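Below is one structure; the comments refer to it alone.
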Amino acid sequence: MRRSSVPDRRCTAFAPGRVNVIGEHTDYNHGLAMPFAIAEGVTVRAAALADDGEPLIEAIAIDLDERDSFPLERPGPAEGWRAYVHGAVAELGAAGHRLVPARLEITGRVPLGSGLSSSAALTVALCLALLELGSDHADAGGRSLDRIALARLCSRVENEWAGARTGLLDQIASLFGAAEEAMCIDFQSLDVEPVPLALEGWRFVIADSGERHVHASSGYNERRRECAEACGALGIESLREASLEDIAALPEPLERRARHVLEENARVLEAVDALRAGAIREVAELLSASHASLRDLYQVSTPAVEATVERLLRAGVAGARLIGGGFGGSVLGLLEPGLALPAGCIEVAPGPGAHILAR
Ligand code: GLA
C-alpha cells in the first residue's frame with residue numbers, strides 16, 4: 001500500500017564522489033591519503049511518510065528505475081544499491097538516531113564501480129537525508145554533525161551490509177570536501193588537513209578503464225588480509241608502525257604489499273609539499289610512481305587499466321595512475337596547461353562536501 005507523504009517534512013541531501021590524488025590502499029593501514037570531493041555525486045530527496053501503519057522505508061533508484069520497501073525497524077540483508085539503504089537505516093537506528101518512515105528518491109551522477117566512490121556518496125547522502133528528516137532540531141545534516149563519527153557509521157554500512165572491507169577514505173573525502181581544496185587525511189589520528197589545490201592551469205582528468213570493479217568480490221579484501229598478516233608477523237597493530245627495515249624480512253607477497261604502503265605514505269607527504277610549493281609537475285611524477293607501485297608491488301592493476309594509463313600518457317598527460325581499490329575502475333591523469341582534453345576523458349575539479357541542499 002502506498003502511503004501519503006507528510007508535506008512539511010522533506011529534505012534533499014547531496015554527497016559527492018571523490019578523486020584520490022594519492023595515497024592508495026593506505027587508509028585501512030592507518031596511513032595517509034590526499035583526496036578531494038568532486039562536483040558529481042548522489043542526491044537523495046526524502047519525504048516523511050504518514051505514520052498510519054507499520055513504519056516503512058520506501059526507496060526508489062530513479063536512474064535504475066528500481067524500487068524497494070522494508071520495515072523501518074527491521075531492515076534485512078539486501079543486494080546491490082538496496083544493501084546501502086538497508087544498511088544506512090540499520091546503522092543509524094543502532095547508533096540511537098531517531099528515524100521516521102520515509103520515501104527516498106535517489107539520483108546520481110557518479111558512474112557505479114568506476115573508482116570515484118559512488119557507494120560512499122550514496123551512503124553519505126542517505127544518512128544525511130535520514131538524519132535531517134528524523135531530527136527535531138534544525139541542523140541535523142549541517143555543520144554541528146560529528147562528521148568523523150558519521151564517516152565511521154557509513155563505513156560500517158559498506159563493511160557489514162555490502163560486504164566490502166573498505167577503509168574510511170571515501171566517506172571522509174565525501175564529508176569533508178571543499179571547493180578549491182584537497183585534504184590530507186591521517187588515518188591514525190583521523191586529522192583532516194585542507195590542502196589548497198592551486199593548479200595554475202593544470203587539470204585533473206579521469207578516464208574510465210571500462211572495467212567495473214566490485215570490492216566485495218575483487219582482490220580488495222585479500223589485500224587487506226595480507227596487510228593484517230604482515231602486521232601479525234611483525235607483532236604490530238598497523239603498518240604505520242613499521243619501517244622499511246622492519247618489513248624487509250617478510251615473506252612475499254607480504255613484503256611487497258607492506259613496501260607499497262610505506263612508500264605510498266611518503267609519496268603523500270611529498271605530494272602535499274609539492275602542491276603547496278606549486279610544483280605541479282612533481283605531483284604528476286608522484287602519480288606515476290604511485291601507479292607503478294600499485295601495479296608491481298600491490299598488484300591491483302589489470303590489462304584494461306594499463307591500456308588506459310598508456311592511452312592517457314600518449315595523449316600528453318604528465319603523470320597517471322589508477323585510483324580507488326583497483327581491479328578496474330578509473331585512471332587519474334594530470335594534464336599540462338594548454339593541452340586539449342584527451343578523447344574519452346572528463347575533467348574533475350574539487351567541489352563542496354556533503355550537505356543538505358534543501359529543507
Ligand atoms: C576503495 C576503498 C577505500 C580505499 C581505496 C584504496 O576506494 O573504498 O577505503 O581503501 O579503495 O585506497
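Just remember, in the C-alpha cells the first chain shown is A, the second B, etc., residues are 1-based per chain, and ligands are 1-based in the order shown.
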
Enumerate residues in contact with ligand 1: an atom-to-atom distance of at most 7 Å, counting only C-alpha atoms and all ligand atoms. Format the result as an mmCIF file with N, CA and C atoms, in the first residue's frame.
```
data_model
loop_
_atom_site.group_PDB
_atom_site.id
_atom_site.type_symbol
_atom_site.label_atom_id
_atom_site.label_comp_id
_atom_site.auth_asym_id
_atom_site.auth_seq_id
_atom_site.Cartn_x
_atom_site.Cartn_y
_atom_site.Cartn_z
ATOM 1 N N GLY A 23 47.787 8.205 -2.357
ATOM 2 C CA GLY A 23 47.605 7.542 -1.058
ATOM 3 C C GLY A 23 46.585 6.431 -1.220
ATOM 4 N N GLU A 24 46.984 5.380 -1.973
ATOM 5 C CA GLU A 24 46.023 4.308 -2.271
ATOM 6 C C GLU A 24 46.338 3.060 -1.446
ATOM 7 N N HIS A 25 45.286 2.471 -0.888
ATOM 8 C CA HIS A 25 45.401 1.302 -0.008
ATOM 9 C C HIS A 25 46.203 1.635 1.259
ATOM 10 N N THR A 26 46.112 2.892 1.651
ATOM 11 C CA THR A 26 46.767 3.318 2.891
ATOM 12 C C THR A 26 45.763 3.502 4.017
ATOM 13 N N ASP A 27 44.483 3.721 3.676
ATOM 14 C CA ASP A 27 43.525 4.112 4.733
ATOM 15 C C ASP A 27 43.362 3.021 5.789
ATOM 16 N N TYR A 28 43.188 1.769 5.347
ATOM 17 C CA TYR A 28 42.998 0.695 6.334
ATOM 18 C C TYR A 28 44.329 0.242 6.939
ATOM 19 N N GLY A 115 35.406 3.705 -9.603
ATOM 20 C CA GLY A 115 36.546 4.129 -8.790
ATOM 21 C C GLY A 115 36.425 5.556 -8.289
ATOM 22 N N SER A 117 33.965 6.322 -6.175
ATOM 23 C CA SER A 117 33.305 6.168 -4.900
ATOM 24 C C SER A 117 31.817 6.497 -4.898
ATOM 25 N N THR A 166 36.252 -2.056 3.180
ATOM 26 C CA THR A 166 36.943 -0.820 2.820
ATOM 27 C C THR A 166 37.244 0.027 4.051
ATOM 28 N N GLY A 167 38.151 0.990 3.875
ATOM 29 C CA GLY A 167 38.521 1.891 4.973
ATOM 30 C C GLY A 167 37.667 3.150 4.958
ATOM 31 N N LEU A 168 38.228 4.249 5.462
ATOM 32 C CA LEU A 168 37.448 5.478 5.661
ATOM 33 C C LEU A 168 37.700 6.553 4.610
ATOM 34 N N LEU A 169 38.541 6.249 3.632
ATOM 35 C CA LEU A 169 38.932 7.265 2.647
ATOM 36 C C LEU A 169 37.733 7.938 1.967
ATOM 37 N N ASP A 170 36.851 7.118 1.403
ATOM 38 C CA ASP A 170 35.788 7.652 0.554
ATOM 39 C C ASP A 170 34.791 8.469 1.370
ATOM 40 N N GLY A 324 41.365 4.479 -6.528
ATOM 41 C CA GLY A 324 40.418 3.602 -5.844
ATOM 42 C C GLY A 324 41.054 2.250 -5.575
ATOM 43 N N GLY A 325 40.223 1.258 -5.411
ATOM 44 C CA GLY A 325 40.706 -0.057 -4.998
ATOM 45 C C GLY A 325 41.481 -0.794 -6.077
#
```

- Near stretch 123-127 of chain A, within 10 Å and counting only C-alpha atoms, which residues show up once chain neighbours fewer than 3 positions away are dropped, as JSON, numbers by chain? {"A": [12, 13, 14, 15, 16, 17, 41, 42, 43, 44, 45, 46, 81, 83, 84, 85, 87, 88, 89, 91, 92, 104, 105, 106, 118, 119, 120, 130, 131, 132, 133, 141, 150, 151, 153, 154, 155, 157, 158, 170, 171, 172, 174, 175, 354, 355, 356]}

Selection above as a file: C-alpha atoms, as an mmCIF file, in the first residue's frame:
```cif
data_model
loop_
_atom_site.group_PDB
_atom_site.id
_atom_site.type_symbol
_atom_site.label_atom_id
_atom_site.label_comp_id
_atom_site.auth_asym_id
_atom_site.auth_seq_id
_atom_site.Cartn_x
_atom_site.Cartn_y
_atom_site.Cartn_z
ATOM 1 C CA THR A 12 17.214 16.966 -0.165
ATOM 2 C CA ALA A 13 20.732 15.794 0.644
ATOM 3 C CA PHE A 14 23.750 15.679 -1.656
ATOM 4 C CA ALA A 15 27.006 13.777 -1.197
ATOM 5 C CA PRO A 16 29.889 13.880 -3.679
ATOM 6 C CA GLY A 17 32.103 11.142 -5.023
ATOM 7 C CA GLY A 41 27.612 12.855 -6.562
ATOM 8 C CA VAL A 42 24.388 11.329 -5.317
ATOM 9 C CA THR A 43 21.250 13.262 -4.390
ATOM 10 C CA VAL A 44 18.570 11.853 -2.084
ATOM 11 C CA ARG A 45 15.176 13.556 -1.945
ATOM 12 C CA ALA A 46 13.440 12.437 1.204
ATOM 13 C CA TRP A 81 22.107 -0.434 -4.092
ATOM 14 C CA ALA A 83 22.152 -3.018 0.673
ATOM 15 C CA TYR A 84 23.221 0.609 1.259
ATOM 16 C CA VAL A 85 19.683 1.773 2.041
ATOM 17 C CA GLY A 87 22.485 -0.643 6.000
ATOM 18 C CA ALA A 88 22.123 3.125 6.435
ATOM 19 C CA VAL A 89 18.751 2.683 8.172
ATOM 20 C CA GLU A 91 23.281 1.519 11.414
ATOM 21 C CA LEU A 92 21.629 4.892 12.140
ATOM 22 C CA LEU A 104 13.736 8.243 -0.524
ATOM 23 C CA GLU A 105 14.313 9.137 -4.158
ATOM 24 C CA ILE A 106 17.886 8.530 -5.231
ATOM 25 C CA SER A 118 29.694 6.050 -5.902
ATOM 26 C CA SER A 119 28.853 3.801 -2.957
ATOM 27 C CA ALA A 120 30.204 6.184 -0.302
ATOM 28 C CA LEU A 130 17.540 10.313 7.119
ATOM 29 C CA LEU A 131 19.189 12.272 9.958
ATOM 30 C CA GLU A 132 17.742 15.547 8.751
ATOM 31 C CA LEU A 133 14.252 14.097 8.423
ATOM 32 C CA GLY A 141 22.591 17.412 8.440
ATOM 33 C CA LEU A 150 29.267 9.675 10.532
ATOM 34 C CA ALA A 151 32.153 8.569 8.272
ATOM 35 C CA LEU A 153 28.985 4.743 10.530
ATOM 36 C CA CYS A 154 28.907 4.932 6.707
ATOM 37 C CA SER A 155 31.972 2.734 6.545
ATOM 38 C CA VAL A 157 27.394 0.137 6.089
ATOM 39 C CA GLU A 158 29.969 -0.723 3.414
ATOM 40 C CA ASP A 170 35.788 7.652 0.554
ATOM 41 C CA GLN A 171 33.454 8.620 3.383
ATOM 42 C CA ILE A 172 35.816 11.240 4.861
ATOM 43 C CA SER A 174 32.773 12.974 0.717
ATOM 44 C CA LEU A 175 32.005 14.523 4.114
ATOM 45 C CA ALA A 354 28.167 16.506 1.572
ATOM 46 C CA HIS A 355 25.397 18.897 2.606
ATOM 47 C CA ILE A 356 21.676 19.467 2.805
#
```

- Tell me, which residues of stretch 18-113 of chain A carry DSSP helix (DSSP H, G or I), written as a list in words?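 In stretch 18-113 of chain A, DSSP puts these residues in helix (DSSP H, G or I): Asp27, Tyr28, Asn29, Ile62, Asp63, Leu64, Gly80, Trp81, Arg82, Ala83, Tyr84, Val85, His86, Gly87, Ala88, Val89, Ala90, Glu91, Leu92, Gly93 and Ala94 of chain A.
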
- Message: I'd like the neighbourhood of stretch 217-225 of chain A as number ranges by chain, where a residue qualifies if any of its atoms comes within 12 Å (using only C-alpha atoms), though same-chain residues fewer than 5 positions away should be ignored.
- Response: A: 24-29, 113, 159, 162-167, 212, 230-232, 238-239, 253-254, 256-258, 260-261, 294, 297-302, 324-329

- What is the distance between atom CA of A:Ser293 and atom CA of A:Glu200, in Å to one decimal? 27.6 Å

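In this model, the gap between atom CA of A:Pro337 and atom CA of A:Leu197 comes to 14.7 Å.
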
- Message: Quick one: residues within 12 Å of A:Asp136, only C-alpha atoms, excluding same-chain residues fewer than 6 positions away - as a ChimeraX atom specification?
- Response: /A:9,97-100

Residues as selected, C-alpha atoms, written as an mmCIF file, in the first residue's frame, can you do that?
```cif
data_model
loop_
_atom_site.group_PDB
_atom_site.id
_atom_site.type_symbol
_atom_site.label_atom_id
_atom_site.label_comp_id
_atom_site.auth_asym_id
_atom_site.auth_seq_id
_atom_site.Cartn_x
_atom_site.Cartn_y
_atom_site.Cartn_z
ATOM 1 C CA ARG A 9 8.822 17.121 6.368
ATOM 2 C CA HIS A 97 19.358 8.158 15.935
ATOM 3 C CA ARG A 98 15.664 8.874 15.621
ATOM 4 C CA LEU A 99 14.343 7.832 12.219
ATOM 5 C CA VAL A 100 10.931 8.384 10.681
#
```

- Task: Could you please determine the separation between atom CA of A:Leu341 and atom CA of A:Ala207 in Å, to one decimal place?
- Result: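 Between atom CA of A:Leu341 and atom CA of A:Ala207 the gap is 10.5 Å.
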
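Distances here use only C-alpha atoms; by that measure, the residue among A:Leu334, A:Arg109, A:Glu252, A:Arg267 closest to A:Glu347 is A:Leu334.
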
- Apply DSSP to the structure's backbone, then extract all residues of stretch 28-58 of chain A labelled strand (DSSP E) and return them as a PyMOL selection string. chain A and resi 32-49+56-58

- Task: Measuring atom to atom with only C-alpha atoms, identify which of A:Ala37, A:Leu128, A:Ile236, A:Leu322 is nearest to A:Ala173.
- Result: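 Going through A:Ala37, A:Leu128, A:Ile236, A:Leu322 one by one, the smallest distance to A:Ala173 is for A:Ala37.
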